[in-house]
$ cat model26.pdb   # PDB, C-alpha atoms
ATOM      1  CA  ALA A   1     -59.906 -27.716 -35.880  1.00  0.00           C
ATOM      2  CA  ALA A   2     -58.031 -24.511 -35.109  1.00  0.00           C
ATOM      3  CA  THR A   3     -58.744 -23.155 -31.655  1.00  0.00           C
ATOM      4  CA  GLY A   4     -60.248 -19.722 -31.069  1.00  0.00           C
ATOM      5  CA  LEU A   5     -60.080 -18.572 -34.694  1.00  0.00           C
ATOM      6  CA  ALA A   6     -63.819 -18.102 -35.200  1.00  0.00           C
ATOM      7  CA  ALA A   7     -63.930 -15.376 -32.536  1.00  0.00           C
ATOM      8  CA  ALA A   8     -60.465 -13.972 -33.258  1.00  0.00           C
ATOM      9  CA  SER A   9     -60.067 -10.269 -33.894  1.00  0.00           C
ATOM     10  CA  ILE A  10     -57.091  -7.952 -33.883  1.00  0.00           C
ATOM     11  CA  ASP A  11     -58.023  -7.066 -30.280  1.00  0.00           C
ATOM     12  CA  SER A  12     -57.512 -10.751 -29.340  1.00  0.00           C
ATOM     13  CA  LEU A  13     -53.783 -10.199 -29.897  1.00  0.00           C
ATOM     14  CA  GLY A  14     -53.529  -7.250 -27.510  1.00  0.00           C
ATOM     15  CA  PHE A  15     -51.598  -9.466 -25.085  1.00  0.00           C
ATOM     16  CA  LEU A  16     -48.498  -8.814 -27.231  1.00  0.00           C
ATOM     17  CA  ALA A  17     -48.523  -5.049 -26.573  1.00  0.00           C
ATOM     18  CA  GLY A  18     -45.504  -3.644 -24.799  1.00  0.00           C
ATOM     19  CA  SER A  19     -41.730  -3.816 -24.810  1.00  0.00           C
ATOM     20  CA  TRP A  20     -39.967  -7.117 -24.129  1.00  0.00           C
ATOM     21  CA  SER A  21     -36.240  -7.880 -23.827  1.00  0.00           C
ATOM     22  CA  GLY A  22     -33.881 -10.726 -23.036  1.00  0.00           C
ATOM     23  CA  GLN A  23     -30.628 -12.580 -23.674  1.00  0.00           C
ATOM     24  CA  MET A  24     -29.994 -15.551 -25.957  1.00  0.00           C
ATOM     25  CA  ASN A  25     -26.556 -17.179 -25.998  1.00  0.00           C
ATOM     26  CA  GLY A  26     -24.894 -13.898 -25.020  1.00  0.00           C
ATOM     27  CA  SER A  27     -26.878 -11.893 -27.587  1.00  0.00           C
ATOM     28  CA  TYR A  28     -29.408  -9.210 -26.658  1.00  0.00           C
ATOM     29  CA  THR A  29     -32.901  -9.181 -28.161  1.00  0.00           C
ATOM     30  CA  ASP A  30     -35.881  -6.935 -27.774  1.00  0.00           C
ATOM     31  CA  GLU A  31     -39.322  -6.784 -29.335  1.00  0.00           C
ATOM     32  CA  THR A  32     -41.931  -4.047 -29.084  1.00  0.00           C
ATOM     33  CA  TRP A  33     -45.599  -4.248 -30.116  1.00  0.00           C
ATOM     34  CA  THR A  34     -48.168  -1.452 -30.235  1.00  0.00           C
ATOM     35  CA  ARG A  35     -51.665  -1.921 -28.879  1.00  0.00           C
ATOM     36  CA  PRO A  36     -54.283  -2.927 -31.468  1.00  0.00           C
ATOM     37  CA  GLN A  37     -55.721   0.098 -33.255  1.00  0.00           C
ATOM     38  CA  GLY A  38     -58.080  -0.086 -36.216  1.00  0.00           C
ATOM     39  CA  ASN A  39     -57.344  -3.378 -37.967  1.00  0.00           C
ATOM     40  CA  ASN A  40     -53.627  -3.575 -37.108  1.00  0.00           C
ATOM     41  CA  ILE A  41     -50.692  -3.868 -34.744  1.00  0.00           C
ATOM     42  CA  ILE A  42     -47.085  -2.968 -35.609  1.00  0.00           C
ATOM     43  CA  GLY A  43     -43.961  -4.398 -34.062  1.00  0.00           C
ATOM     44  CA  SER A  44     -40.185  -4.212 -34.200  1.00  0.00           C
ATOM     45  CA  PHE A  45     -37.499  -6.718 -33.260  1.00  0.00           C
ATOM     46  CA  ARG A  46     -33.803  -6.092 -32.636  1.00  0.00           C
ATOM     47  CA  TRP A  47     -31.159  -8.799 -32.286  1.00  0.00           C
ATOM     48  CA  LEU A  48     -27.667  -7.682 -31.233  1.00  0.00           C
ATOM     49  CA  LYS A  49     -24.425  -9.655 -31.204  1.00  0.00           C
ATOM     50  CA  PRO A  50     -22.601 -10.006 -27.865  1.00  0.00           C
ATOM     51  CA  ASP A  51     -20.450  -6.969 -28.804  1.00  0.00           C
ATOM     52  CA  GLY A  52     -23.618  -4.844 -29.217  1.00  0.00           C
ATOM     53  CA  THR A  53     -23.524  -4.596 -33.010  1.00  0.00           C
ATOM     54  CA  PRO A  54     -26.722  -5.499 -34.876  1.00  0.00           C
ATOM     55  CA  ARG A  55     -27.285  -9.039 -36.070  1.00  0.00           C
ATOM     56  CA  MET A  56     -30.574  -7.910 -37.627  1.00  0.00           C
ATOM     57  CA  PHE A  57     -33.630  -5.729 -37.325  1.00  0.00           C
ATOM     58  CA  GLU A  58     -37.172  -6.754 -38.155  1.00  0.00           C
ATOM     59  CA  ILE A  59     -40.380  -4.811 -38.797  1.00  0.00           C
ATOM     60  CA  LEU A  60     -43.632  -6.727 -38.267  1.00  0.00           C
ATOM     61  CA  THR A  61     -47.316  -6.042 -38.847  1.00  0.00           C
ATOM     62  CA  ILE A  62     -50.388  -7.984 -37.828  1.00  0.00           C
ATOM     63  CA  THR A  63     -53.524  -7.074 -39.775  1.00  0.00           C
ATOM     64  CA  GLN A  64     -57.091  -8.258 -39.568  1.00  0.00           C
ATOM     65  CA  GLU A  65     -58.233  -8.833 -43.138  1.00  0.00           C
ATOM     66  CA  SER A  66     -61.562 -10.009 -44.547  1.00  0.00           C
ATOM     67  CA  ASP A  67     -60.539 -13.687 -44.630  1.00  0.00           C
ATOM     68  CA  ALA A  68     -57.842 -14.000 -41.931  1.00  0.00           C
ATOM     69  CA  ILE A  69     -55.440 -12.334 -39.512  1.00  0.00           C
ATOM     70  CA  ARG A  70     -51.954 -12.148 -41.006  1.00  0.00           C
ATOM     71  CA  LEU A  71     -48.459 -11.501 -39.692  1.00  0.00           C
ATOM     72  CA  ARG A  72     -46.047  -9.967 -42.181  1.00  0.00           C
ATOM     73  CA  LEU A  73     -42.381  -9.281 -41.540  1.00  0.00           C
ATOM     74  CA  ARG A  74     -39.224  -8.055 -43.172  1.00  0.00           C
ATOM     75  CA  HIS A  75     -35.610  -8.375 -42.073  1.00  0.00           C
ATOM     76  CA  PHE A  76     -33.130  -5.512 -42.329  1.00  0.00           C
ATOM     77  CA  SER A  77     -29.383  -5.079 -41.955  1.00  0.00           C
ATOM     78  CA  ALA A  78     -27.830  -2.429 -39.725  1.00  0.00           C
ATOM     79  CA  THR A  79     -27.936  -0.025 -42.693  1.00  0.00           C
ATOM     80  CA  LEU A  80     -31.617  -0.874 -43.357  1.00  0.00           C
ATOM     81  CA  GLY A  81     -30.876  -3.005 -46.401  1.00  0.00           C
ATOM     82  CA  ALA A  82     -33.941  -5.252 -46.782  1.00  0.00           C
ATOM     83  CA  LYS A  83     -33.418  -8.993 -47.055  1.00  0.00           C
ATOM     84  CA  GLU A  84     -36.776  -9.755 -48.673  1.00  0.00           C
ATOM     85  CA  GLU A  85     -37.796  -8.444 -52.098  1.00  0.00           C
ATOM     86  CA  ALA A  86     -39.724  -5.150 -52.062  1.00  0.00           C
ATOM     87  CA  ASP A  87     -43.123  -6.690 -52.794  1.00  0.00           C
ATOM     88  CA  LYS A  88     -42.621  -9.994 -50.959  1.00  0.00           C
ATOM     89  CA  PRO A  89     -42.720  -9.726 -47.167  1.00  0.00           C
ATOM     90  CA  MET A  90     -42.780 -13.010 -45.279  1.00  0.00           C
ATOM     91  CA  THR A  91     -46.487 -13.710 -44.775  1.00  0.00           C
ATOM     92  CA  LEU A  92     -47.967 -15.975 -42.114  1.00  0.00           C
ATOM     93  CA  LYS A  93     -51.622 -16.618 -41.284  1.00  0.00           C
ATOM     94  CA  LEU A  94     -53.071 -16.954 -37.783  1.00  0.00           C
ATOM     95  CA  ALA A  95     -53.617 -20.700 -37.322  1.00  0.00           C
ATOM     96  CA  GLU A  96     -54.161 -21.018 -33.558  1.00  0.00           C
ATOM     97  CA  LEU A  97     -55.296 -18.634 -30.864  1.00  0.00           C
ATOM     98  CA  GLU A  98     -55.980 -19.613 -27.289  1.00  0.00           C
ATOM     99  CA  GLY A  99     -55.787 -17.141 -24.437  1.00  0.00           C
ATOM    100  CA  SER A 100     -52.404 -15.439 -24.658  1.00  0.00           C
ATOM    101  CA  ARG A 101     -50.917 -17.877 -27.183  1.00  0.00           C
ATOM    102  CA  ALA A 102     -50.974 -17.345 -30.950  1.00  0.00           C
ATOM    103  CA  VAL A 103     -49.470 -19.418 -33.752  1.00  0.00           C
ATOM    104  CA  PHE A 104     -48.973 -18.049 -37.246  1.00  0.00           C
ATOM    105  CA  LYS A 105     -48.349 -20.588 -40.039  1.00  0.00           C
ATOM    106  CA  ALA A 106     -46.358 -19.752 -43.178  1.00  0.00           C
ATOM    107  CA  GLU A 107     -48.575 -18.719 -46.072  1.00  0.00           C
ATOM    108  CA  LYS A 108     -46.306 -17.273 -48.797  1.00  0.00           C
ATOM    109  CA  ASP A 109     -42.803 -15.928 -49.365  1.00  0.00           C
ATOM    110  CA  ALA A 110     -41.931 -17.291 -45.931  1.00  0.00           C
ATOM    111  CA  GLY A 111     -38.287 -18.050 -46.714  1.00  0.00           C
ATOM    112  CA  GLY A 112     -38.139 -21.447 -45.013  1.00  0.00           C
ATOM    113  CA  LEU A 113     -40.308 -20.538 -42.023  1.00  0.00           C
ATOM    114  CA  ASP A 114     -42.898 -23.077 -40.958  1.00  0.00           C
ATOM    115  CA  HIS A 115     -44.517 -21.117 -38.139  1.00  0.00           C
ATOM    116  CA  ILE A 116     -43.975 -18.528 -35.416  1.00  0.00           C
ATOM    117  CA  SER A 117     -45.606 -18.833 -32.013  1.00  0.00           C
ATOM    118  CA  TYR A 118     -46.023 -16.157 -29.359  1.00  0.00           C
ATOM    119  CA  GLU A 119     -47.029 -16.923 -25.792  1.00  0.00           C
ATOM    120  CA  VAL A 120     -47.308 -14.532 -22.876  1.00  0.00           C
ATOM    121  CA  THR A 121     -47.229 -15.958 -19.350  1.00  0.00           C
ATOM    122  CA  GLY A 122     -47.140 -13.332 -16.617  1.00  0.00           C
ATOM    123  CA  ASP A 123     -44.340 -10.916 -17.554  1.00  0.00           C
ATOM    124  CA  GLN A 124     -42.679 -13.355 -19.986  1.00  0.00           C
ATOM    125  CA  LEU A 125     -43.000 -13.521 -23.785  1.00  0.00           C
ATOM    126  CA  ALA A 126     -41.849 -16.754 -25.426  1.00  0.00           C
ATOM    127  CA  ILE A 127     -41.317 -16.610 -29.180  1.00  0.00           C
ATOM    128  CA  THR A 128     -40.566 -19.749 -31.188  1.00  0.00           C
ATOM    129  CA  VAL A 129     -39.556 -19.505 -34.841  1.00  0.00           C
ATOM    130  CA  ALA A 130     -39.800 -22.949 -36.469  1.00  0.00           C
ATOM    131  CA  PHE A 131     -38.424 -23.812 -39.898  1.00  0.00           C
ATOM    132  CA  THR A 132     -39.616 -26.211 -42.588  1.00  0.00           C
ATOM    133  CA  PRO A 133     -37.849 -29.572 -42.690  1.00  0.00           C
ATOM    134  CA  PRO A 134     -35.396 -30.190 -45.542  1.00  0.00           C
ATOM    135  CA  PRO A 135     -36.901 -31.688 -48.717  1.00  0.00           C
ATOM    136  CA  ALA A 136     -37.073 -35.498 -48.814  1.00  0.00           C
ATOM    137  CA  GLY A 137     -34.850 -35.475 -51.905  1.00  0.00           C
ATOM    138  CA  LYS A 138     -31.942 -33.989 -49.929  1.00  0.00           C
ATOM    139  CA  PRO A 139     -30.955 -36.677 -47.397  1.00  0.00           C
ATOM    140  CA  ASP A 140     -27.759 -34.809 -46.372  1.00  0.00           C
ATOM    141  CA  ALA A 141     -29.590 -31.587 -45.519  1.00  0.00           C
ATOM    142  CA  LYS A 142     -29.788 -30.980 -41.787  1.00  0.00           C
ATOM    143  CA  PRO A 143     -33.009 -29.696 -40.241  1.00  0.00           C
ATOM    144  CA  ARG A 144     -32.723 -26.197 -38.818  1.00  0.00           C
ATOM    145  CA  LYS A 145     -33.357 -25.989 -35.080  1.00  0.00           C
ATOM    146  CA  PRO A 146     -36.114 -23.618 -33.970  1.00  0.00           C
ATOM    147  CA  LEU A 147     -35.078 -20.241 -32.590  1.00  0.00           C
ATOM    148  CA  GLU A 148     -36.457 -19.750 -29.090  1.00  0.00           C
ATOM    149  CA  PHE A 149     -36.543 -16.315 -27.535  1.00  0.00           C
ATOM    150  CA  LYS A 150     -37.512 -15.828 -23.862  1.00  0.00           C
ATOM    151  CA  LEU A 151     -38.189 -12.166 -23.229  1.00  0.00           C
ATOM    152  CA  LYS A 152     -39.295 -10.284 -20.126  1.00  0.00           C
ATOM    153  CA  LYS A 153     -41.646  -7.308 -20.038  1.00  0.00           C
ATOM    154  CA  ALA A 154     -39.596  -4.117 -19.841  1.00  0.00           C
ATOM    155  CA  GLY A 155     -40.416  -1.340 -17.395  1.00  0.00           C
TER     156      GLY A 155
END

$ encode --input "model26.pdb" --output "structure tokens"
Amino acid sequence: AATGLAAASIDSLGFLAGSWSGQMNGSYTDETWTRPQGNNIIGSFRWLKPDGTPRMFEILTITQESDAIRLRLRHFSATLGAKEEADKPMTLKLAELEGSRAVFKAEKDAGGLDHISYEVTGDQLAITVAFTPPPAGKPDAKPRKPLEFKLKKAG
């Protein structure tokens, strides 16, 4: 059974609020989340190449809906060209919540994502983006390694 979901509310995800930043293989990343307000939280993510130019931008929302809490996200280029189709943001559903750890599982239009986990420990935010394994019918396809971001609370 999923942990903590019965009592989950948008306020349960308030541990994400704030600005976080860090380095990954010479690249700079930062993520900012608002405090819960109403039924939602909004976030942004920036990933820069070692030379400081954008690798990508991301806009995220977490909303408490009648049947679940959902994370939706879209990727953008440096010129704000959207990667996902206009009416198809990547959508993930809260699957686990325990303390300051949340796991969102892919629900629809997830573009190869399996799940995203967020965990805050002290002034550290760990984000893991895991991908679905290759189909069984493609034996030469290599599994994609998870992306792991270790960010520190800014300010």

$ residues_near_point --input "model26.pdb" --point "(-56.5, -5.0, -31.6)" --cutoff "10 Å" --atoms "only C-alpha atoms" --output "ChimeraX atom specification"
/A:8-17,34-41,62-64

$ closest_atom_pairs --input "model26.pdb" --of "range 80-104 of chain A" --to "range 52-58 of chain A" --cutoff "12 Å" --atoms "only C-alpha atoms" --output "CSV"
residue,atom,partner,partner_atom,distance
A:Leu80,CA,A:Phe57,CA,8.0
A:Gly81,CA,A:Phe57,CA,9.9
A:Ala82,CA,A:Glu58,CA,9.3
A:Lys83,CA,A:Met56,CA,9.9
A:Glu84,CA,A:Glu58,CA,10.9
A:Pro89,CA,A:Glu58,CA,11.0
A:Met90,CA,A:Glu58,CA,11.0

$ closest_atom_pairs --input "model26.pdb" --of "range 106-133 of chain A" --to "range 149-155 of chain A" --cutoff "7 Å" --atoms "only C-alpha atoms" --output "JSON lines"
{"residue": "A:Asp123", "atom": "CA", "partner": "A:Lys153", "partner_atom": "CA", "distance": 5.1}
{"residue": "A:Gln124", "atom": "CA", "partner": "A:Lys152", "partner_atom": "CA", "distance": 4.6}
{"residue": "A:Leu125", "atom": "CA", "partner": "A:Leu151", "partner_atom": "CA", "distance": 5.0}
{"residue": "A:Ala126", "atom": "CA", "partner": "A:Lys150", "partner_atom": "CA", "distance": 4.7}
{"residue": "A:Ile127", "atom": "CA", "partner": "A:Phe149", "partner_atom": "CA", "distance": 5.1}
{"residue": "A:Thr128", "atom": "CA", "partner": "A:Phe149", "partner_atom": "CA", "distance": 6.4}

$ resolve_selection --input "model26.pdb" --expression "the PyMOL selection byres ((chain A and resi 115) around 10)" --output "PyMOL selection string"
chain A and resi 92-95+103-107+110+112-114+116-117+128-132+146

$ residues_around --input "model26.pdb" --residues "Leu60 in chain A" --least-positions-apart "6" --cutoff "8 Å" --atoms "all atoms listed in the file" --output "list in words"
Ile42, Gly43, Ser44, Phe45, Leu71, Arg72, Leu73 and Arg74 of chain A

$ atom_distance --input "model26.pdb" --atom1 "CA of Gly122 in chain A" --atom2 "CA of Ser21 in chain A"
14.2 Å

$ closest_residue --input "model26.pdb" --among "A:Ser66, A:Leu5, A:Glu85, A:Asn25" --to "Ala102 in chain A" --atoms "all atoms listed in the file"
A:Leu5

$ atom_distance --input "model26.pdb" --atom1 "CA of Ile59 in chain A" --atom2 "CA of Phe76 in chain A"
8.1 Å

$ atom_distance --input "model26.pdb" --atom1 "CA of Tyr118 in chain A" --atom2 "CA of Ala136 in chain A"
28.9 Å

$ resolve_selection --input "model26.pdb" --expression "the PyMOL selection byres ((chain A and resi 30) around 8)" --output "ChimeraX atom specification"
/A:19-22,28-29,31-32,45-47,151

$ decode --input "model26.pdb" --residues "range 16-45 of chain A" --atoms "N, CA, C and O atoms" --output "PDB file, in the first residue's frame"
ATOM      1  N   LEU A  16       8.901  21.292  -0.023  1.00  0.00           N
ATOM      2  CA  LEU A  16       9.606  21.641  -1.261  1.00  0.00           C
ATOM      3  C   LEU A  16       9.862  23.142  -1.395  1.00  0.00           C
ATOM      4  O   LEU A  16      10.745  23.556  -2.149  1.00  0.00           O
ATOM      5  N   ALA A  17       9.085  23.958  -0.688  1.00  0.00           N
ATOM      6  CA  ALA A  17       9.129  25.415  -0.875  1.00  0.00           C
ATOM      7  C   ALA A  17      10.532  25.977  -0.678  1.00  0.00           C
ATOM      8  O   ALA A  17      11.259  25.587   0.232  1.00  0.00           O
ATOM      9  N   GLY A  18      10.895  26.882  -1.569  1.00  0.00           N
ATOM     10  CA  GLY A  18      12.178  27.553  -1.474  1.00  0.00           C
ATOM     11  C   GLY A  18      12.958  27.460  -2.768  1.00  0.00           C
ATOM     12  O   GLY A  18      12.492  26.922  -3.770  1.00  0.00           O
ATOM     13  N   SER A  19      14.166  27.991  -2.726  1.00  0.00           N
ATOM     14  CA  SER A  19      15.069  27.965  -3.872  1.00  0.00           C
ATOM     15  C   SER A  19      16.220  27.030  -3.550  1.00  0.00           C
ATOM     16  O   SER A  19      16.799  27.091  -2.466  1.00  0.00           O
ATOM     17  N   TRP A  20      16.558  26.184  -4.506  1.00  0.00           N
ATOM     18  CA  TRP A  20      17.574  25.143  -4.346  1.00  0.00           C
ATOM     19  C   TRP A  20      18.519  25.238  -5.534  1.00  0.00           C
ATOM     20  O   TRP A  20      18.092  25.505  -6.653  1.00  0.00           O
ATOM     21  N   SER A  21      19.815  24.994  -5.330  1.00  0.00           N
ATOM     22  CA  SER A  21      20.755  25.028  -6.451  1.00  0.00           C
ATOM     23  C   SER A  21      21.898  24.046  -6.224  1.00  0.00           C
ATOM     24  O   SER A  21      22.166  23.643  -5.097  1.00  0.00           O
ATOM     25  N   GLY A  22      22.555  23.683  -7.334  1.00  0.00           N
ATOM     26  CA  GLY A  22      23.677  22.760  -7.234  1.00  0.00           C
ATOM     27  C   GLY A  22      24.360  22.537  -8.568  1.00  0.00           C
ATOM     28  O   GLY A  22      23.974  23.101  -9.588  1.00  0.00           O
ATOM     29  N   GLN A  23      25.385  21.695  -8.549  1.00  0.00           N
ATOM     30  CA  GLN A  23      26.173  21.347  -9.725  1.00  0.00           C
ATOM     31  C   GLN A  23      25.960  19.869 -10.054  1.00  0.00           C
ATOM     32  O   GLN A  23      25.764  19.059  -9.154  1.00  0.00           O
ATOM     33  N   MET A  24      25.997  19.558 -11.347  1.00  0.00           N
ATOM     34  CA  MET A  24      25.935  18.160 -11.780  1.00  0.00           C
ATOM     35  C   MET A  24      26.837  18.021 -12.996  1.00  0.00           C
ATOM     36  O   MET A  24      26.543  18.590 -14.049  1.00  0.00           O
ATOM     37  N   ASN A  25      27.933  17.310 -12.833  1.00  0.00           N
ATOM     38  CA  ASN A  25      28.885  17.100 -13.935  1.00  0.00           C
ATOM     39  C   ASN A  25      29.285  18.408 -14.613  1.00  0.00           C
ATOM     40  O   ASN A  25      29.325  18.501 -15.829  1.00  0.00           O
ATOM     41  N   GLY A  26      29.565  19.431 -13.817  1.00  0.00           N
ATOM     42  CA  GLY A  26      29.991  20.716 -14.356  1.00  0.00           C
ATOM     43  C   GLY A  26      28.854  21.626 -14.783  1.00  0.00           C
ATOM     44  O   GLY A  26      29.077  22.782 -15.129  1.00  0.00           O
ATOM     45  N   SER A  27      27.623  21.113 -14.791  1.00  0.00           N
ATOM     46  CA  SER A  27      26.459  21.917 -15.150  1.00  0.00           C
ATOM     47  C   SER A  27      25.831  22.494 -13.891  1.00  0.00           C
ATOM     48  O   SER A  27      25.894  21.896 -12.824  1.00  0.00           O
ATOM     49  N   TYR A  28      25.183  23.645 -14.035  1.00  0.00           N
ATOM     50  CA  TYR A  28      24.499  24.298 -12.925  1.00  0.00           C
ATOM     51  C   TYR A  28      23.007  24.016 -13.024  1.00  0.00           C
ATOM     52  O   TYR A  28      22.434  24.052 -14.120  1.00  0.00           O
ATOM     53  N   THR A  29      22.374  23.713 -11.899  1.00  0.00           N
ATOM     54  CA  THR A  29      20.929  23.528 -11.868  1.00  0.00           C
ATOM     55  C   THR A  29      20.343  24.291 -10.690  1.00  0.00           C
ATOM     56  O   THR A  29      20.993  24.438  -9.655  1.00  0.00           O
ATOM     57  N   ASP A  30      19.127  24.788 -10.896  1.00  0.00           N
ATOM     58  CA  ASP A  30      18.396  25.320  -9.759  1.00  0.00           C
ATOM     59  C   ASP A  30      16.907  25.028  -9.932  1.00  0.00           C
ATOM     60  O   ASP A  30      16.420  24.837 -11.051  1.00  0.00           O
ATOM     61  N   GLU A  31      16.230  24.941  -8.802  1.00  0.00           N
ATOM     62  CA  GLU A  31      14.801  24.667  -8.784  1.00  0.00           C
ATOM     63  C   GLU A  31      14.189  25.534  -7.694  1.00  0.00           C
ATOM     64  O   GLU A  31      14.762  25.675  -6.613  1.00  0.00           O
ATOM     65  N   THR A  32      13.052  26.117  -7.993  1.00  0.00           N
ATOM     66  CA  THR A  32      12.353  26.971  -7.034  1.00  0.00           C
ATOM     67  C   THR A  32      10.898  26.533  -6.959  1.00  0.00           C
ATOM     68  O   THR A  32      10.266  26.304  -7.996  1.00  0.00           O
ATOM     69  N   TRP A  33      10.392  26.394  -5.733  1.00  0.00           N
ATOM     70  CA  TRP A  33       8.990  26.032  -5.495  1.00  0.00           C
ATOM     71  C   TRP A  33       8.345  27.081  -4.605  1.00  0.00           C
ATOM     72  O   TRP A  33       8.949  27.533  -3.626  1.00  0.00           O
ATOM     73  N   THR A  34       7.103  27.452  -4.924  1.00  0.00           N
ATOM     74  CA  THR A  34       6.333  28.335  -4.057  1.00  0.00           C
ATOM     75  C   THR A  34       5.788  27.525  -2.883  1.00  0.00           C
ATOM     76  O   THR A  34       5.787  26.293  -2.908  1.00  0.00           O
ATOM     77  N   ARG A  35       5.323  28.234  -1.875  1.00  0.00           N
ATOM     78  CA  ARG A  35       4.624  27.574  -0.774  1.00  0.00           C
ATOM     79  C   ARG A  35       3.235  27.171  -1.270  1.00  0.00           C
ATOM     80  O   ARG A  35       2.684  27.816  -2.161  1.00  0.00           O
ATOM     81  N   PRO A  36       2.653  26.118  -0.685  1.00  0.00           N
ATOM     82  CA  PRO A  36       1.287  25.744  -1.073  1.00  0.00           C
ATOM     83  C   PRO A  36       0.324  26.912  -0.821  1.00  0.00           C
ATOM     84  O   PRO A  36       0.417  27.593   0.200  1.00  0.00           O
ATOM     85  N   GLN A  37      -0.551  27.133  -1.775  1.00  0.00           N
ATOM     86  CA  GLN A  37      -1.587  28.156  -1.649  1.00  0.00           C
ATOM     87  C   GLN A  37      -2.801  27.643  -2.408  1.00  0.00           C
ATOM     88  O   GLN A  37      -2.667  27.221  -3.561  1.00  0.00           O
ATOM     89  N   GLY A  38      -3.965  27.670  -1.780  1.00  0.00           N
ATOM     90  CA  GLY A  38      -5.143  27.101  -2.430  1.00  0.00           C
ATOM     91  C   GLY A  38      -4.909  25.613  -2.628  1.00  0.00           C
ATOM     92  O   GLY A  38      -4.493  24.915  -1.703  1.00  0.00           O
ATOM     93  N   ASN A  39      -5.114  25.135  -3.847  1.00  0.00           N
ATOM     94  CA  ASN A  39      -4.905  23.710  -4.128  1.00  0.00           C
ATOM     95  C   ASN A  39      -3.633  23.462  -4.940  1.00  0.00           C
ATOM     96  O   ASN A  39      -3.513  22.434  -5.600  1.00  0.00           O
ATOM     97  N   ASN A  40      -2.641  24.402  -4.896  1.00  0.00           N
ATOM     98  CA  ASN A  40      -1.520  24.240  -5.818  1.00  0.00           C
ATOM     99  C   ASN A  40      -0.201  24.800  -5.309  1.00  0.00           C
ATOM    100  O   ASN A  40      -0.140  25.579  -4.368  1.00  0.00           O
ATOM    101  N   ILE A  41       0.837  24.352  -6.006  1.00  0.00           N
ATOM    102  CA  ILE A  41       2.216  24.816  -5.846  1.00  0.00           C
ATOM    103  C   ILE A  41       2.750  24.968  -7.273  1.00  0.00           C
ATOM    104  O   ILE A  41       2.409  24.169  -8.149  1.00  0.00           O
ATOM    105  N   ILE A  42       3.590  25.959  -7.512  1.00  0.00           N
ATOM    106  CA  ILE A  42       4.211  26.098  -8.837  1.00  0.00           C
ATOM    107  C   ILE A  42       5.725  26.107  -8.667  1.00  0.00           C
ATOM    108  O   ILE A  42       6.249  26.613  -7.674  1.00  0.00           O
ATOM    109  N   GLY A  43       6.404  25.523  -9.640  1.00  0.00           N
ATOM    110  CA  GLY A  43       7.850  25.456  -9.575  1.00  0.00           C
ATOM    111  C   GLY A  43       8.498  25.738 -10.918  1.00  0.00           C
ATOM    112  O   GLY A  43       7.850  25.695 -11.962  1.00  0.00           O
ATOM    113  N   SER A  44       9.795  26.023 -10.861  1.00  0.00           N
ATOM    114  CA  SER A  44      10.581  26.195 -12.085  1.00  0.00           C
ATOM    115  C   SER A  44      11.927  25.504 -11.882  1.00  0.00           C
ATOM    116  O   SER A  44      12.425  25.403 -10.763  1.00  0.00           O
ATOM    117  N   PHE A  45      12.482  25.024 -12.992  1.00  0.00           N
ATOM    118  CA  PHE A  45      13.764  24.333 -12.974  1.00  0.00           C
ATOM    119  C   PHE A  45      14.595  24.880 -14.121  1.00  0.00           C
ATOM    120  O   PHE A  45      14.084  25.099 -15.225  1.00  0.00           O
TER     121      PHE A  45
END
